[in-house]
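Undergrad: Sharing a structure below in structure tokens format, with a few things to ask.
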Amino acid sequence: MESAEGFSDALVIAGKSYRSRLLTGTGKYRDLEQTAAASEAAGAEIVTVAIRRVNIGQEAGQPNLLDVLPPKRYTILPNTAGCYNAKDAIRTCQLARELLDGQALVKLEVLGDAKTLFPHITETLHAAEILVKDGFEVMVYTNDDPIVARILAEMGCVAVMPLAAPIGSGLGIQNRYNILSIVEEATVPIIVDAGVGTASDAALAMELGCAGVLMNTAIAGAQNPVLMASAMKHAVIAGREAFLAGRIPRKRYASASSPLDGTIF
Amino acid sequence: MIEISLNGKPESLAEGVTIAELMRQKLPGVSRVALELNLEIVPRSQYEKRQLKTGDRVEIVRAIGGG
């Protein structure tokens, strides 16, 4: 599994290889310094950002997120979070492409309602179709429905990102068999996006065969975000290695680890 | 004077002001933004030549922390 860049087991998204399978959000941190420290501790190479209006009159002299997370070092993944229809999401992607000097890679997230933050699937499908035709490389947030995941991959999305549980809930993977079904027939990277609460959740996602995990609140909302970022980095690596190693089958009864021959009694 | 909407708020500007002048007045020293004029993206290369007129709606966005 050598990549073009010469390292093994790369995560390849839209033709670009990444060593890290942990993608992190940049919201909810105390300040930009903590954002940068947590992103570093997570070993993230892809970080999501939101696109919002500048504060006229308050912007001058203020540090910019892209100063602490320089696009030369991180792949900046603009996110359409906060959009509730295809039109707003497409507009946000177009602004993001201009902001990032023509970068095609975007995270499409079209929400259904504010209580669940579940994806609005029909608007997501509509937006994905238009964005792909317009040359965007779409990493798409969706629910854990294998059929919708398949449709999004067939439409040309470069990564399909099912939720584990509602955004920010920390509930962990609620339907591992659906995630497994999505992974089993995947033609593009499947990245669990949203719902992770702690390191074991991230490890489980990777053990199921996901290509990566995207999280924000689980790190930013922890008592010690930088330490949790490090924990998540190790969990994703551990889960990935366990998946590649191939776990033993589950058995109902014991199986002795020591040989039975040569006992002295 | 002309009246425009800038990020949803009314602004009075001099006649014939360009986007580049608007940026210098309102966001001095600020880069890494994207700008939309009446729902159309304006590339940075056109800021110097695009003049604003009354009724224009300008949106200027940046990247901030988000999931």
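Residue numbering restarts at 1 in every chain; chains get A, B, ... in the order shown in the structure tokens, and ligands count up from 1 in that same order.
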Compile the residues of chain B that lie within 10 Å of chain A, evaluated using only C-alpha atoms, and express the compilation as a ChimeraX atom specification.
TA: /B:6-9,23,25-36,39-44,59-67
Undergrad: Selection from above, N, CA and C atoms, as a short mmCIF file (atom, residue, chain, number, x, y, z; two decimals), in the first residue's frame, can you write it?
TA:
```cif
data_model
loop_
_atom_site.label_atom_id
_atom_site.label_comp_id
_atom_site.auth_asym_id
_atom_site.auth_seq_id
_atom_site.Cartn_x
_atom_site.Cartn_y
_atom_site.Cartn_z
N LEU B 6 -23.61 46.30 3.37
CA LEU B 6 -22.32 45.62 3.59
C LEU B 6 -22.50 44.63 4.74
N ASN B 7 -22.41 43.37 4.41
CA ASN B 7 -22.67 42.31 5.39
C ASN B 7 -23.97 42.55 6.15
N GLY B 8 -24.99 42.92 5.37
CA GLY B 8 -26.32 43.06 5.92
C GLY B 8 -26.61 44.39 6.59
N LYS B 9 -25.61 45.30 6.66
CA LYS B 9 -25.83 46.60 7.30
C LYS B 9 -25.68 47.73 6.28
N MET B 23 -12.42 48.03 0.65
CA MET B 23 -11.59 47.16 1.49
C MET B 23 -10.58 47.98 2.30
N GLN B 25 -10.85 51.07 3.25
CA GLN B 25 -11.55 51.87 4.27
C GLN B 25 -12.06 51.01 5.43
N LYS B 26 -12.69 49.91 5.09
CA LYS B 26 -13.42 49.14 6.11
C LYS B 26 -12.61 48.00 6.72
N LEU B 27 -11.69 47.45 5.95
CA LEU B 27 -10.92 46.29 6.44
C LEU B 27 -9.44 46.51 6.15
N PRO B 28 -8.87 47.58 6.71
CA PRO B 28 -7.47 47.87 6.40
C PRO B 28 -6.54 46.75 6.84
N GLY B 29 -5.68 46.33 5.96
CA GLY B 29 -4.69 45.30 6.29
C GLY B 29 -5.25 43.89 6.38
N VAL B 30 -6.53 43.73 6.06
CA VAL B 30 -7.14 42.41 6.19
C VAL B 30 -7.09 41.70 4.84
N SER B 31 -6.51 40.51 4.84
CA SER B 31 -6.52 39.70 3.62
C SER B 31 -7.24 38.40 3.96
N ARG B 32 -7.10 37.40 3.12
CA ARG B 32 -7.77 36.12 3.35
C ARG B 32 -9.26 36.28 3.56
N VAL B 33 -9.88 37.01 2.64
CA VAL B 33 -11.35 37.11 2.64
C VAL B 33 -11.85 36.78 1.24
N ALA B 34 -13.13 36.54 1.14
CA ALA B 34 -13.77 36.39 -0.18
C ALA B 34 -14.96 37.34 -0.21
N LEU B 35 -15.27 37.83 -1.40
CA LEU B 35 -16.28 38.87 -1.52
C LEU B 35 -17.31 38.52 -2.59
N GLU B 36 -18.55 38.80 -2.23
CA GLU B 36 -19.67 38.56 -3.13
C GLU B 36 -20.38 39.89 -3.35
N LEU B 39 -24.66 38.60 -4.99
CA LEU B 39 -24.65 37.13 -5.10
C LEU B 39 -23.63 36.59 -6.11
N GLU B 40 -22.78 37.46 -6.64
CA GLU B 40 -21.76 37.00 -7.60
C GLU B 40 -20.38 37.16 -6.97
N ILE B 41 -19.58 36.10 -7.05
CA ILE B 41 -18.22 36.17 -6.49
C ILE B 41 -17.39 37.15 -7.31
N VAL B 42 -16.69 38.04 -6.61
CA VAL B 42 -15.77 38.94 -7.31
C VAL B 42 -14.34 38.50 -6.99
N PRO B 43 -13.57 38.05 -7.98
CA PRO B 43 -12.18 37.66 -7.73
C PRO B 43 -11.35 38.87 -7.27
N ARG B 44 -10.36 38.60 -6.43
CA ARG B 44 -9.51 39.67 -5.91
C ARG B 44 -8.91 40.54 -7.02
N GLU B 59 -21.13 41.13 0.39
CA GLU B 59 -20.87 40.21 1.50
C GLU B 59 -19.37 39.91 1.51
N ILE B 60 -18.75 40.04 2.66
CA ILE B 60 -17.33 39.71 2.78
C ILE B 60 -17.19 38.66 3.88
N VAL B 61 -16.57 37.55 3.53
CA VAL B 61 -16.46 36.44 4.49
C VAL B 61 -15.01 36.04 4.69
N ARG B 62 -14.81 35.32 5.80
CA ARG B 62 -13.49 34.78 6.12
C ARG B 62 -13.67 33.38 6.71
N ALA B 63 -12.55 32.71 6.94
CA ALA B 63 -12.59 31.41 7.59
C ALA B 63 -12.50 31.63 9.09
N ILE B 64 -13.38 30.97 9.85
CA ILE B 64 -13.28 30.97 11.31
C ILE B 64 -13.37 29.54 11.81
N GLY B 65 -13.17 29.36 13.09
CA GLY B 65 -13.22 28.02 13.67
C GLY B 65 -14.58 27.39 13.45
N GLY B 66 -14.58 26.13 13.05
CA GLY B 66 -15.83 25.43 12.85
C GLY B 66 -15.59 23.96 12.63
N GLY B 67 -16.65 23.17 12.77
CA GLY B 67 -16.55 21.73 12.60
C GLY B 67 -16.75 21.39 11.18
#
```
Undergrad: Name the residues of segment 7-47 of chain B that come out as helix (DSSP H, G or I) in a backbone DSSP run; write them as number ranges by chain.
TA: B: 19-26, 44-46
Undergrad: Quick one, how far is atom CA of Ile248 of chain A from atom CA of Glu207 of chain A?
TA: 12.2 Å
Undergrad: Do you know which residues are at most 8 Å from Ala38 of chain A counting only C-alpha atoms, after dropping those on the same chain fewer than 3 positions away, and could you put them as an MDAnalysis selection string?
TA: chainID A and resid 34:35 41:42 219:220 225:227 229:230
Undergrad: Let's see if you can do this: from backbone DSSP, list all strand (DSSP E or B) residues in segment 4-224 of chain A, as a PyMOL selection string.
TA: chain A and resi 8+11-13+16-18+22-24+46-53+75-79+83+105-108+110-111+119+137-142+159-162+190-193+212-215
Undergrad: Tell me, as an MDAnalysis selection string, which residues lie within 10 Å of Glu45 of chain A, counting only C-alpha atoms; anything in the same chain fewer than 5 positions away does not count.
TA: chainID A and resid 18:24 39:40 73:76
Undergrad: In Å to one decimal, how far is atom CA of Val110 of chain A from atom CA of Glu123 of chain A?
TA: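 These atoms are spaced 6.7 Å apart.
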Undergrad: What is the atom CA of Gly239 of chain A-atom CA of Gly209 of chain A distance in Å, reported with one decimal?
TA: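 Separation of atom CA of Gly239 of chain A and atom CA of Gly209 of chain A: 8.6 Å.
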Undergrad: Name the residues in contact with Val12 of chain A at a cut-off of 10 Å, using only C-alpha atoms, excluding same-chain residues fewer than 5 positions from it; report them as a list in words.
TA: Ser3, Ala4, Ser17, Tyr18, Arg19, Arg21, Val158, Ala159, Val188, Pro189 and Ala211 of chain A
Undergrad: Can those selected residues be exported to a file as a PDB file, in the first residue's frame so that it contains N, CA, C and O atoms?
TA:
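Written output follows (out.pdb):
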```pdb
ATOM      1  N   SER A   3       1.986   4.786  -1.268  1.00  0.00           N
ATOM      2  CA  SER A   3       1.350   5.899  -1.946  1.00  0.00           C
ATOM      3  C   SER A   3       2.357   6.550  -2.891  1.00  0.00           C
ATOM      4  O   SER A   3       3.530   6.202  -2.908  1.00  0.00           O
ATOM      5  N   ALA A   4       1.842   7.506  -3.650  1.00  0.00           N
ATOM      6  CA  ALA A   4       2.707   8.225  -4.584  1.00  0.00           C
ATOM      7  C   ALA A   4       3.853   8.903  -3.845  1.00  0.00           C
ATOM      8  O   ALA A   4       4.967   9.008  -4.366  1.00  0.00           O
ATOM      9  N   SER A  17      -2.499  12.287  -0.959  1.00  0.00           N
ATOM     10  CA  SER A  17      -2.231  11.313   0.111  1.00  0.00           C
ATOM     11  C   SER A  17      -2.004  12.007   1.453  1.00  0.00           C
ATOM     12  O   SER A  17      -1.321  13.033   1.518  1.00  0.00           O
ATOM     13  N   TYR A  18      -2.564  11.409   2.482  1.00  0.00           N
ATOM     14  CA  TYR A  18      -2.398  11.931   3.844  1.00  0.00           C
ATOM     15  C   TYR A  18      -1.920  10.808   4.747  1.00  0.00           C
ATOM     16  O   TYR A  18      -2.373   9.667   4.639  1.00  0.00           O
ATOM     17  N   ARG A  19      -1.021  11.147   5.656  1.00  0.00           N
ATOM     18  CA  ARG A  19      -0.560  10.166   6.653  1.00  0.00           C
ATOM     19  C   ARG A  19      -1.580  10.014   7.776  1.00  0.00           C
ATOM     20  O   ARG A  19      -1.793   8.946   8.303  1.00  0.00           O
ATOM     21  N   ARG A  21      -5.134   9.941   9.661  1.00  0.00           N
ATOM     22  CA  ARG A  21      -6.526   9.571   9.398  1.00  0.00           C
ATOM     23  C   ARG A  21      -7.472  10.263  10.381  1.00  0.00           C
ATOM     24  O   ARG A  21      -8.649   9.921  10.458  1.00  0.00           O
ATOM     25  N   VAL A 158     -15.943  12.727  -3.226  1.00  0.00           N
ATOM     26  CA  VAL A 158     -14.608  12.142  -3.044  1.00  0.00           C
ATOM     27  C   VAL A 158     -14.455  11.446  -1.695  1.00  0.00           C
ATOM     28  O   VAL A 158     -13.512  10.681  -1.494  1.00  0.00           O
ATOM     29  N   ALA A 159     -15.355  11.710  -0.764  1.00  0.00           N
ATOM     30  CA  ALA A 159     -15.393  10.995   0.511  1.00  0.00           C
ATOM     31  C   ALA A 159     -16.824  11.074   1.024  1.00  0.00           C
ATOM     32  O   ALA A 159     -17.506  12.091   0.841  1.00  0.00           O
ATOM     33  N   VAL A 188     -15.212   4.950  -2.197  1.00  0.00           N
ATOM     34  CA  VAL A 188     -14.455   6.162  -1.817  1.00  0.00           C
ATOM     35  C   VAL A 188     -14.193   6.059  -0.316  1.00  0.00           C
ATOM     36  O   VAL A 188     -14.831   5.252   0.366  1.00  0.00           O
ATOM     37  N   PRO A 189     -13.254   6.861   0.222  1.00  0.00           N
ATOM     38  CA  PRO A 189     -13.024   6.795   1.673  1.00  0.00           C
ATOM     39  C   PRO A 189     -14.301   7.101   2.473  1.00  0.00           C
ATOM     40  O   PRO A 189     -15.032   8.032   2.151  1.00  0.00           O
ATOM     41  N   ALA A 211     -12.046   4.809   6.834  1.00  0.00           N
ATOM     42  CA  ALA A 211     -10.782   5.364   6.336  1.00  0.00           C
ATOM     43  C   ALA A 211     -10.255   6.462   7.248  1.00  0.00           C
ATOM     44  O   ALA A 211      -9.066   6.789   7.206  1.00  0.00           O
TER      45      ALA A 211
END
```
Undergrad: Just want the 12 Å neighbourhood of Ala14 of chain B, counted on only C-alpha atoms, with same-chain residues fewer than 4 positions away dropped. Output as a PyMOL selection string.
TA: chain B and resi 1-4+18-19+21-22+25+51-54
Undergrad: Can you tell me which residues surround Ala242 of chain A at a distance of at most 9 Å, considering only C-alpha atoms, apart from same-chain residues fewer than 5 positions away, and format the answer as a list in words?
TA: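 With the cut-off at 9 Å, the set is Ala203, Met206, Glu207, Ile237 and Arg247 of chain A.
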